[in-house]
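The file input-v4.txt contains compact mmCIF, C-alpha atoms:
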# COMPACT_ATOMS: atom_id res chain seq x y z
CA MET P 118 0.00 0.00 0.00
CA VAL P 119 2.76 2.40 0.95
CA SER P 120 4.65 1.62 -2.23
CA GLY P 121 1.42 2.22 -4.15
CA VAL P 122 1.12 5.65 -2.59
CA ARG P 123 4.78 6.37 -3.34
CA SER P 124 4.38 5.23 -6.89
CA ARG P 125 1.32 7.44 -7.31
CA MET P 126 3.21 10.41 -5.91
CA PHE P 127 6.09 9.70 -8.26
CA ASP P 128 3.71 9.46 -11.21
CA GLU P 129 2.13 12.73 -10.24
CA ARG P 130 5.47 14.45 -9.95
CA ALA P 131 6.55 13.14 -13.33
CA LEU P 132 3.26 14.26 -14.80
CA ILE P 133 3.59 17.75 -13.35
CA ARG P 134 7.13 18.01 -14.67
CA LEU P 135 5.94 17.13 -18.17
CA CYS P 136 3.13 19.66 -17.86
CA ARG P 137 5.66 22.31 -16.88
CA HIS P 138 7.43 21.62 -20.14
CA GLY P 139 4.22 22.25 -22.05
CA ASP P 140 3.08 18.65 -22.66
CA GLN P 141 -0.66 19.02 -23.12
CA ARG P 142 -1.30 15.28 -23.13
CA SER P 143 0.19 15.02 -19.64
CA PHE P 144 -1.89 18.00 -18.63
CA GLU P 145 -5.01 16.12 -19.73
CA GLN P 146 -3.96 13.29 -17.39
CA LEU P 147 -3.33 15.72 -14.57
CA VAL P 148 -6.79 17.20 -15.10
CA ALA P 149 -8.29 13.70 -14.93
CA LEU P 150 -6.37 13.10 -11.68
CA LYS P 151 -7.45 16.30 -9.92
CA ARG P 152 -10.83 16.90 -11.56
CA ASP P 153 -13.16 15.23 -9.05
CA LYS P 154 -11.63 16.86 -5.99
CA ALA P 155 -11.55 20.25 -7.72
CA ILE P 156 -15.24 20.00 -8.61
CA ARG P 157 -16.11 18.73 -5.12
CA VAL P 158 -14.25 21.51 -3.31
CA ALA P 159 -15.75 24.13 -5.64
CA PHE P 160 -19.22 22.61 -5.19
CA ASN P 161 -18.96 22.78 -1.41
CA ILE P 162 -18.06 26.46 -1.66
CA VAL P 163 -20.37 27.69 -4.43
CA GLY P 164 -23.27 25.33 -3.70
CA ASP P 165 -24.23 24.77 -7.33
CA GLU P 166 -23.00 21.94 -9.51
CA ASP P 167 -22.88 23.90 -12.77
CA ASP P 168 -21.06 26.81 -11.13
CA ALA P 169 -18.66 24.29 -9.55
CA LYS P 170 -17.93 22.80 -12.97
CA ASP P 171 -17.24 26.27 -14.40
CA VAL P 172 -14.97 27.13 -11.48
CA ALA P 173 -12.99 23.88 -11.81
CA GLN P 174 -12.59 24.34 -15.57
CA GLN P 175 -11.44 27.93 -15.13
CA ALA P 176 -8.98 26.75 -12.48
CA PHE P 177 -7.44 24.20 -14.86
CA ILE P 178 -7.23 26.76 -17.67
CA LYS P 179 -5.48 29.10 -15.27
CA LEU P 180 -3.26 26.28 -14.05
CA TRP P 181 -2.05 25.64 -17.58
CA GLY P 182 -1.03 29.27 -17.79
CA VAL P 183 1.02 29.26 -14.59
CA ILE P 184 2.22 25.68 -14.17
CA ARG P 185 5.61 26.49 -15.66
CA GLY P 186 6.22 28.64 -12.63
CA TYR P 187 5.35 25.91 -10.13
CA ASP P 188 8.18 25.25 -7.71
CA GLU P 189 8.51 21.46 -7.47
CA THR P 190 9.89 21.65 -3.95
CA MET P 191 6.44 22.80 -2.79
CA ARG P 192 3.41 20.51 -2.42
CA PHE P 193 1.27 20.66 -5.52
CA ASP P 194 -2.24 20.32 -4.07
CA PRO P 195 -2.20 23.39 -1.81
CA TRP P 196 -0.66 25.36 -4.68
CA PHE P 197 -3.34 24.24 -7.14
CA PHE P 198 -6.25 24.40 -4.72
CA LYS P 199 -5.38 27.96 -3.97
CA ILE P 200 -6.52 28.69 -7.53
CA VAL P 201 -9.68 26.58 -7.17
CA VAL P 202 -10.69 28.01 -3.80
CA ASN P 203 -10.11 31.62 -4.75
CA LEU P 204 -12.10 31.27 -7.97
CA ALA P 205 -14.86 29.52 -6.02
CA ILE P 206 -14.96 32.29 -3.41
CA ASP P 207 -15.21 34.90 -6.18
CA GLN P 208 -18.02 32.92 -7.81
CA TYR P 209 -19.86 32.52 -4.51
CA ARG P 210 -19.60 36.26 -3.85
CA ARG P 211 -21.05 36.99 -7.30
CA THR P 212 -23.89 34.53 -6.71
CA GLN P 213 -24.62 35.98 -3.27
CA ARG P 214 -24.79 39.48 -4.74
CA ARG P 215 -27.08 38.25 -7.52
CA SER P 216 -29.45 36.45 -5.17
CA VAL P 217 -29.63 39.42 -2.82
CA THR P 218 -30.35 41.73 -5.73
CA LEU P 219 -32.86 39.50 -7.47
CA ALA P 220 -34.62 37.72 -4.65
CA GLY P 221 -33.90 39.60 -1.46
CA PRO P 222 -34.83 38.08 1.87
CA ALA P 223 -37.78 36.31 0.23
CA ALA P 224 -35.43 33.58 -1.00
CA LEU P 225 -34.43 32.72 2.54
CA GLU P 226 -38.05 32.74 3.69
CA SER P 227 -38.96 30.40 0.88
CA ALA P 228 -36.13 28.04 1.78
CA GLU P 229 -37.19 28.12 5.41
CA SER P 230 -40.72 27.05 4.62
CA HIS P 231 -39.66 23.91 2.73
CA PRO P 232 -37.40 21.78 4.88
CA GLU P 233 -36.48 18.47 3.28
CA ALA P 234 -38.73 15.64 4.36
CA GLY P 235 -38.04 11.99 5.04
CA LEU P 236 -34.43 12.30 6.15
CA SER P 237 -32.77 9.60 8.15
CA ALA P 238 -31.11 10.49 11.40
CA PRO P 239 -27.58 9.30 12.11
CA GLY P 240 -27.62 5.88 13.59
CA ALA P 241 -30.90 5.01 11.92
CA ASP P 242 -31.13 1.82 9.94
CA VAL P 243 -31.28 3.60 6.62
CA PRO P 244 -28.11 5.63 6.11
CA LEU P 245 -28.55 9.22 5.17
CA MET P 246 -28.61 9.38 1.40
CA ARG P 247 -25.79 11.48 0.03
CA HIS P 248 -28.01 13.73 -2.05
CA GLU P 249 -30.09 14.46 1.04
CA LEU P 250 -26.93 15.28 2.93
CA ARG P 251 -25.91 17.55 0.07
CA GLY P 252 -29.28 19.30 0.30
CA ILE P 253 -28.88 19.87 4.04
CA PHE P 254 -25.35 21.18 3.65
CA ASN P 255 -26.24 23.55 0.82
CA ARG P 256 -29.15 24.91 2.76
CA LEU P 257 -27.28 25.46 6.02
CA ALA P 258 -24.06 26.66 4.39
CA ALA P 259 -26.01 29.37 2.55
CA GLY P 260 -25.82 31.24 5.85
CA LEU P 261 -22.02 31.29 5.80
CA GLY P 262 -19.74 33.93 4.35
CA PRO P 263 -17.50 32.81 1.47
CA VAL P 264 -14.34 32.46 3.54
CA GLN P 265 -16.17 30.69 6.39
CA ARG P 266 -17.59 28.28 3.84
CA ALA P 267 -14.19 27.68 2.27
CA VAL P 268 -12.59 27.09 5.67
CA PHE P 269 -15.31 24.65 6.77
CA THR P 270 -15.10 22.78 3.46
CA LEU P 271 -11.33 22.45 3.59
CA LYS P 272 -11.09 21.57 7.27
CA GLU P 273 -14.15 19.47 8.05
CA ILE P 274 -14.92 17.92 4.67
CA GLU P 275 -11.53 17.69 2.97
CA GLY P 276 -9.56 17.21 6.18
CA ALA P 277 -6.88 19.79 5.39
CA GLU P 278 -4.54 21.01 8.12
CA THR P 279 -5.03 24.51 9.52
CA GLU P 280 -1.61 25.55 8.27
CA GLU P 281 -2.44 24.39 4.76
CA ILE P 282 -5.77 26.25 4.78
CA ALA P 283 -4.00 29.40 5.94
CA SER P 284 -1.61 29.05 3.01
CA ILE P 285 -4.41 28.39 0.51
CA LEU P 286 -6.45 31.38 1.65
CA GLY P 287 -3.49 33.63 2.38
CA ILE P 288 -4.62 34.31 5.93
CA ARG P 289 -3.20 33.59 9.40
CA GLU P 290 -3.80 30.29 11.16
CA SER P 291 -5.56 32.14 13.98
CA THR P 292 -7.91 33.68 11.40
CA VAL P 293 -8.60 30.21 9.99
CA ARG P 294 -9.50 28.97 13.47
CA ASN P 295 -11.74 31.98 14.00
CA HIS P 296 -13.57 31.45 10.68
CA LEU P 297 -13.97 27.77 11.49
CA MET P 298 -15.43 28.53 14.90
CA GLN P 299 -17.94 30.98 13.38
CA ALA P 300 -18.86 28.55 10.61
CA ARG P 301 -19.39 25.72 13.07
CA ARG P 302 -21.55 27.93 15.29
CA ILE P 303 -23.79 28.98 12.37
CA LEU P 304 -24.09 25.43 11.03
CA LYS P 305 -24.85 24.03 14.48
CA GLU P 306 -27.58 26.61 14.99
CA GLY P 307 -29.05 25.78 11.59
CA LEU P 308 -28.88 22.08 12.32
CA ARG P 309 -30.56 22.55 15.68
CA ARG P 310 -33.28 24.68 14.14
CA TRP P 311 -34.07 22.78 10.96
CA TYR P 312 -32.84 19.27 11.58
CA PRO P 313 -33.11 18.74 15.35
CA GLU P 314 -32.98 14.97 14.84
CA TYR P 315 -29.25 15.44 14.11
CA ALA P 316 -28.65 17.78 17.01
CA LYS P 317 -30.39 15.97 19.82
CA ASP P 318 -27.13 14.84 21.37
CA PHE P 319 -25.45 18.19 21.09
CA ASN P 320 -22.91 18.30 23.81
CA ARG P 321 -20.04 20.16 22.17
CA MET A 263 -12.90 -1.05 5.48
CA THR A 264 -15.77 -1.77 7.89
CA ASP A 265 -14.37 -4.81 9.72
CA LYS A 266 -14.44 -5.01 13.49
CA THR A 267 -10.74 -4.28 13.91
CA ALA A 268 -11.06 -1.05 11.96
CA CYS A 269 -14.13 -0.09 13.98
CA ASP A 270 -12.32 -0.84 17.25
CA ARG A 271 -9.33 1.19 16.12
CA PHE A 272 -11.63 4.05 15.20
CA GLU A 273 -13.38 3.94 18.54
CA ARG A 274 -10.05 4.08 20.37
CA SER A 275 -8.98 7.15 18.41
CA LEU A 276 -12.37 8.89 18.54
CA ASP A 277 -11.51 11.34 21.34
CA ALA A 278 -8.17 12.23 19.78
CA TYR A 279 -9.88 12.68 16.43
CA LEU A 280 -12.48 15.03 17.86
CA GLY A 281 -9.80 16.92 19.76
CA ASP A 282 -7.80 17.35 16.52
CA ALA A 283 -4.93 15.56 18.25
CA LEU A 284 -4.23 12.82 15.69
CA ALA A 285 -1.26 12.89 13.37
CA SER A 286 -2.30 13.64 9.82
CA ARG A 287 -1.96 10.05 8.61
CA GLU A 288 -4.07 8.62 11.45
CA ARG A 289 -6.55 11.43 11.07
CA GLU A 290 -6.94 10.68 7.36
CA ALA A 291 -7.40 6.96 8.08
CA ALA A 292 -10.06 7.77 10.69
CA ARG A 293 -11.86 10.10 8.29
CA ARG A 294 -11.81 7.51 5.51
CA HIS A 295 -13.16 4.85 7.84
CA ALA A 296 -15.92 7.01 9.33
CA SER A 297 -17.11 8.23 5.94
CA SER A 298 -17.57 4.65 4.74
CA CYS A 299 -18.81 3.01 7.96
CA PRO A 300 -22.35 4.12 8.96
CA LYS A 301 -21.95 2.70 12.47
CA CYS A 302 -18.78 4.65 13.26
CA LEU A 303 -20.13 7.75 11.55
CA ALA A 304 -23.19 7.60 13.80
CA ARG A 305 -20.88 7.24 16.82
CA LEU A 306 -18.95 10.28 15.63
CA THR A 307 -22.01 12.44 14.99
CA LEU A 308 -23.28 11.75 18.49
CA GLN A 309 -20.22 13.62 19.71
CA ASP A 310 -20.11 16.23 16.97
CA PRO A 311 -23.26 16.48 14.81
CA LEU A 312 -21.46 18.52 12.15
CA GLN A 313 -19.54 15.37 11.28
CA ILE A 314 -22.64 14.25 9.35
CA PHE A 315 -21.10 16.17 6.46
CA LEU A 316 -18.00 13.97 6.43
CA PRO A 317 -19.34 11.62 3.71
CA LEU A 318 -19.37 14.61 1.35
CA SER A 319 -15.60 14.06 1.17
CA ALA A 320 -16.24 10.87 -0.78
CA GLU A 321 -18.67 12.50 -3.17
CA THR A 322 -17.88 12.10 -6.84
CA PRO A 323 -19.32 14.45 -9.45
CA SER A 324 -22.10 13.19 -11.70
CA SER A 325 -21.41 12.30 -15.31
CA ARG A 326 -23.45 15.35 -16.28
CA VAL A 327 -20.64 17.43 -14.81
CA THR A 328 -17.68 15.37 -15.93
CA ASP A 329 -18.81 14.71 -19.51
CA GLY A 330 -16.90 16.94 -21.88
CA PHE A 331 -14.94 18.45 -18.98
CA TRP A 332 -11.55 18.18 -20.65
CA ASP A 333 -12.86 19.39 -24.01
CA THR A 334 -13.99 22.62 -22.38
CA VAL A 335 -10.65 23.02 -20.59
CA ARG A 336 -8.75 22.42 -23.83
CA ALA A 337 -10.98 24.88 -25.69
CA GLY A 338 -10.32 27.42 -22.95
CA ILE A 339 -6.57 26.94 -23.26
CA GLU A 340 -6.80 27.38 -27.04
CA ARG A 341 -8.93 30.47 -26.59
CA GLU A 342 -6.37 31.97 -24.23
CA ARG A 343 -3.65 31.22 -26.73
CA ALA A 344 -5.60 32.72 -29.61
CA ALA A 345 -6.23 35.82 -27.55
CA GLY A 346 -2.47 36.14 -27.34
CA LYS A 347 -2.47 35.92 -23.60
CA ARG A 348 1.10 35.49 -22.58
CA GLU A 349 1.94 32.32 -20.72
CA ALA A 350 3.83 32.63 -17.47
CA VAL A 351 7.58 32.75 -17.67
CA PRO A 352 9.62 30.75 -15.14
CA MET A 353 9.37 32.51 -11.85
CA HIS A 354 10.05 32.13 -8.17
CA PRO A 355 6.87 31.47 -6.19
CA VAL A 356 7.04 33.65 -3.14
CA ARG A 357 5.61 32.66 0.20
CA PRO A 358 3.21 35.01 1.98
CA GLY A 359 5.09 37.26 4.32
CA ARG A 360 7.93 37.80 1.93
CA LEU A 361 7.60 39.48 -1.42
CA ALA A 362 3.85 38.96 -1.76
CA ALA A 363 3.16 40.67 1.52
CA PHE A 364 5.57 43.39 0.57
CA ALA A 365 3.89 43.70 -2.80
CA GLY A 366 0.46 44.12 -1.26
CA ARG A 367 1.31 46.80 1.25
CA GLY A 368 2.76 50.05 0.04
CA PHE A 369 4.17 48.39 -3.04
CA THR A 370 4.48 51.46 -5.23
CA PRO A 371 7.14 53.46 -3.36
CA ILE A 372 9.15 50.28 -2.72
CA ALA A 373 8.91 49.28 -6.37
CA ILE A 374 10.12 52.70 -7.44
CA ALA A 375 13.02 52.48 -4.97
CA ALA A 376 13.85 48.96 -6.20
CA SER A 377 13.72 50.13 -9.82
CA LEU A 378 16.06 53.00 -9.11
CA LEU A 379 18.40 50.67 -7.25
CA VAL A 380 18.49 48.27 -10.18
CA MET A 381 19.04 51.09 -12.65
CA VAL A 382 21.89 52.52 -10.64
CA LEU A 383 23.38 49.06 -10.22
CA ALA A 384 23.13 48.38 -13.93
CA ALA A 385 24.65 51.72 -14.88
CA TRP A 386 27.47 51.14 -12.41
CA LEU A 387 28.10 47.61 -13.72
CA ALA A 388 28.11 48.84 -17.30
CA ALA A 389 30.63 51.51 -16.38
CA VAL A 390 33.03 49.48 -14.23
CA ALA A 391 32.69 46.02 -15.72
CA PRO A 392 31.51 46.24 -19.31
CA ALA A 393 32.89 42.76 -19.97
CA LEU A 394 30.08 41.34 -17.88
CA PHE A 395 27.64 42.28 -20.56
CA ALA A 396 27.28 40.27 -23.72
CA PRO A 397 28.87 41.92 -26.73
CA LEU A 398 26.37 43.41 -29.09
CA ASP A 399 26.19 42.60 -32.75
CA ARG A 400 26.04 46.08 -34.16
CA ASN A 401 24.87 44.81 -37.54
CA ASP A 402 21.98 42.77 -36.24
CA ARG A 403 18.77 44.55 -37.24
CA SER A 404 16.78 41.48 -38.03
CA ALA A 405 14.23 41.86 -35.26
CA SER A 406 13.92 45.59 -35.29
CA GLY A 407 10.22 45.74 -36.14
CA ALA A 408 9.34 46.84 -32.66
CA GLY A 409 12.09 49.45 -32.65
CA ILE A 410 14.56 47.25 -30.79
CA ALA A 411 17.05 44.77 -32.19
CA ARG A 412 17.94 41.78 -30.04
CA ALA A 413 21.57 41.21 -29.28
CA ALA A 414 23.52 38.41 -30.93
CA ALA A 415 23.32 34.90 -29.51
CA ALA A 416 26.02 35.45 -26.89
CA PRO A 417 24.96 33.97 -23.53
CA LEU A 418 23.19 36.52 -21.41
CA PRO A 419 24.41 37.06 -17.89
CA ARG A 420 22.08 36.31 -15.02
CA VAL A 421 21.92 39.00 -12.42
CA SER A 422 22.66 37.70 -8.96
CA ALA A 423 20.71 38.33 -5.79
CA VAL A 424 20.69 41.86 -4.48
CA ALA A 425 19.10 40.99 -1.16
CA ALA A 426 17.23 37.89 -0.10
CA GLY A 427 13.48 38.28 -0.19
CA ASN A 428 13.42 41.13 -2.70
CA PRO A 429 12.27 40.80 -6.32
CA LEU A 430 15.36 39.89 -8.24
CA PRO A 431 16.00 40.55 -11.88
CA GLN A 432 15.71 37.12 -13.45
CA THR A 433 16.78 37.94 -16.94
CA LEU A 434 18.93 40.58 -18.47
CA GLU A 435 19.21 41.35 -22.12
CA ASN A 436 21.44 43.75 -23.97
CA VAL A 437 19.66 45.18 -26.96
CA ARG A 438 20.39 47.73 -29.64
CA THR A 439 17.70 50.20 -30.67
CA ASP A 440 17.10 51.26 -34.27
CA ASP A 441 18.94 54.48 -33.60
CA ALA A 442 21.97 52.53 -32.33
CA ARG A 443 21.52 53.11 -28.60
CA ASP A 444 22.58 50.26 -26.32
CA VAL A 445 20.00 49.50 -23.62
CA GLN A 446 19.56 46.80 -21.01
CA ILE A 447 16.25 45.11 -20.30
CA TYR A 448 15.66 43.56 -16.90
CA SER A 449 12.68 41.35 -16.27
CA MET A 450 11.36 40.28 -12.89
CA THR A 451 8.32 38.04 -12.39
CA TRP A 452 6.75 36.61 -9.33
CA LEU A 453 3.55 34.97 -8.19
CA ASP A 454 1.49 36.97 -5.73
CA GLN A 455 0.36 34.24 -3.35
CA ASP A 456 -0.96 36.47 -0.64
CA ALA A 457 -4.75 36.61 -0.97
CA SER A 458 -4.96 39.07 1.90
CA SER A 459 -3.04 41.62 -0.14
CA GLY A 460 -6.21 42.35 -2.10
CA HIS A 461 -4.55 41.35 -5.37
CA ASP A 462 -5.57 38.36 -7.41
CA PRO A 463 -3.60 35.71 -5.49
CA ASN A 464 -2.72 33.74 -8.57
CA GLN A 465 -1.67 36.62 -10.69
CA VAL A 466 1.74 36.62 -12.24
CA THR A 467 3.25 40.00 -11.71
CA GLU A 468 5.97 41.16 -14.04
CA LEU A 469 8.15 44.19 -13.80
CA ILE A 470 10.28 45.16 -16.75
CA LEU A 471 12.98 47.78 -16.47
CA ILE A 472 14.61 49.29 -19.50
CA VAL A 473 17.87 51.00 -18.74
CA ASP A 474 18.88 53.40 -21.46
CA ALA A 475 22.16 55.09 -20.59
CA GLY A 476 22.08 57.26 -23.71
CA LEU A 477 18.61 58.64 -23.16
CA LYS A 478 18.53 62.42 -22.95
CA LEU A 479 16.07 63.55 -20.30
Structure encoded using structure tokens:
Amino acid sequence: MVSGVRSRMFDERALIRLCRHGDQRSFEQLVALKRDKAIRVAFNIVGDEDDAKDVAQQAFIKLWGVIRGYDETMRFDPWFFKIVVNLAIDQYRRTQRRSVTLAGPAALESAESHPEAGLSAPGADVPLMRHELRGIFNRLAAGLGPVQRAVFTLKEIEGAETEEIASILGIRESTVRNHLMQARRILKEGLRRWYPEYAKDFNR
Amino acid sequence: MTDKTACDRFERSLDAYLGDALASREREAARRHASSCPKCLARLTLQDPLQIFLPLSAETPSSRVTDGFWDTVRAGIERERAAGKREAVPMHPVRPGRLAAFAGRGFTPIAIAASLLVMVLAAWLAAVAPALFAPLDRNDRSASGAGIARAAAAPLPRVSAVAAGNPLPQTLENVRTDDARDVQIYSMTWLDQDASSGHDPNQVTELILIVDAGLKL
């Protein structure tokens, strides 16, 4: 298993090196390798699958433009995901502005009056379906600011280290911790309010 | 992996996981296990309900999103090329706190000071050590369309560090203008990686200095 991981890392390094020398076929492979995570991270920040696809594609186009300047002594993922996350934050800000302008507070009211039905609580026999989970997350995370949402996504969903998140977002580690605390508070409140079946054993 | 051993191991590391006290490898293993084992995930969410979102880490995009993904990326790359957008030249990525931070805060006066420093340095070098500069082919006018003729193929000197952490000239070219003036072109590029600076954090910044000793001001 370890040798498999090493071999994958070696392959990735070799691929990146070829990309840096302008090999577009290798770049296609690199895109295939990073595509799903890029879309997923973008999706968790922008909250819309089509927007997430656009963000990920823009990130790869941008990556092609700057990959020659990538310093191979640095880890690739934080370097690349900096592009993804920043584009996603910009996209989320644009969407937020649009929804405030077009819909106003009515959009939130409308969302509040239609909580998803038939969800399974954790520990129930039927596991929570992923699309239901996605619906809950999108709804609750709509109350987060773009950076809070990015921090929560990277830390709690992607499992990134605080230091790495600070580097990706270009902010201090203490600021990351602060954003995470705020995001967790807002999400917990939303969970308690709209999905109390998940918050009944709240003790943290 | 949902076997009993893995579940036992997860249970033993649960408190450390919730307290963010696991080493990154163990933490990743615990995350992977919990996102694929409903029983352990339920155990985790009893302690921290927000962990219900953990399975989103294993989410894969639908084929609606992935179909034609590369074709769009490739078309975008071609479009950028056709638009004549310059691709990045080799550069030194700079960590936040060094050049990027410096670039974001009060950049302009520092850039002007750095430019003057480089100009003075170049003028001084040209005066005291002309041999350092590549000899110019005075007959070469082949590329003079833009008003400047490139120097002959002699290897160009690299300018060494002035001070660690400052933007360093990465390339230096001696060129001859149409009206036979010898000028030096310095090029510095860097990647602004400091999002807090208010600049686009992925933007390649380039500074070009043209030192023209014969210019009459």
So what do you get for CA of Tyr187 in chain P versus CA of Trp332 in chain A, distance-wise?
->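 We find that CA of Tyr187 in chain P and CA of Trp332 in chain A lie 21.4 Å from each other.
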Counting only C-alpha atoms, which residues from chain P have an atom at most 8 Å from any atom of chain A, and could you show them as a PyMOL selection string?
-> chain P and resi 145+148-149+153-154+156-157+166-167+170+174-175+177-178+181-188+199-200+203+239-240+244+247+250-251+254+273-276+278+284+286-288+301+304-305+315-316+318-321
When distances are computed from all atoms listed in the file, which of A:Ala345, A:Asp270, A:Leu383, A:Ala375 shows the smallest separation from Ala296 in chain A?
->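 For Ala296 in chain A, the nearest of the given residues is A:Asp270.
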Pairwise distance, CA of Gly260 in chain P with CA of Glu280 in chain P, equals 25.0 Å
Taking (-10.7, 1.7, 12.4) in the file's coordinates as the center, which residues reach within 10 Å of it, counting all atoms listed in the file, put as a VMD selection string?
-> chain A and resid 263 to 276 288 291 to 296 299 302
Interatomic distance, CA of Arg192 in chain P to CA of Glu281 in chain P (Å, one decimal) =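 Here the two named atoms are 10.0 Å from each other.
Using only C-alpha atoms, the smallest distance between any of P:Ala259, P:Gln265, P:Ile285, P:Arg210 and Asp194 in chain P comes from P:Ile285.
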Given 6 Å of margin on each side, can you work out the centre and size in Å (one decimal) of an axis-aligned box holding every listed atom of range 186-203 of chain P, as AutoDock Vina command-line options?
--center_x -0.4 --center_y 26.0 --center_z -7.2 --size_x 32.6 --size_y 23.3 --size_z 22.8
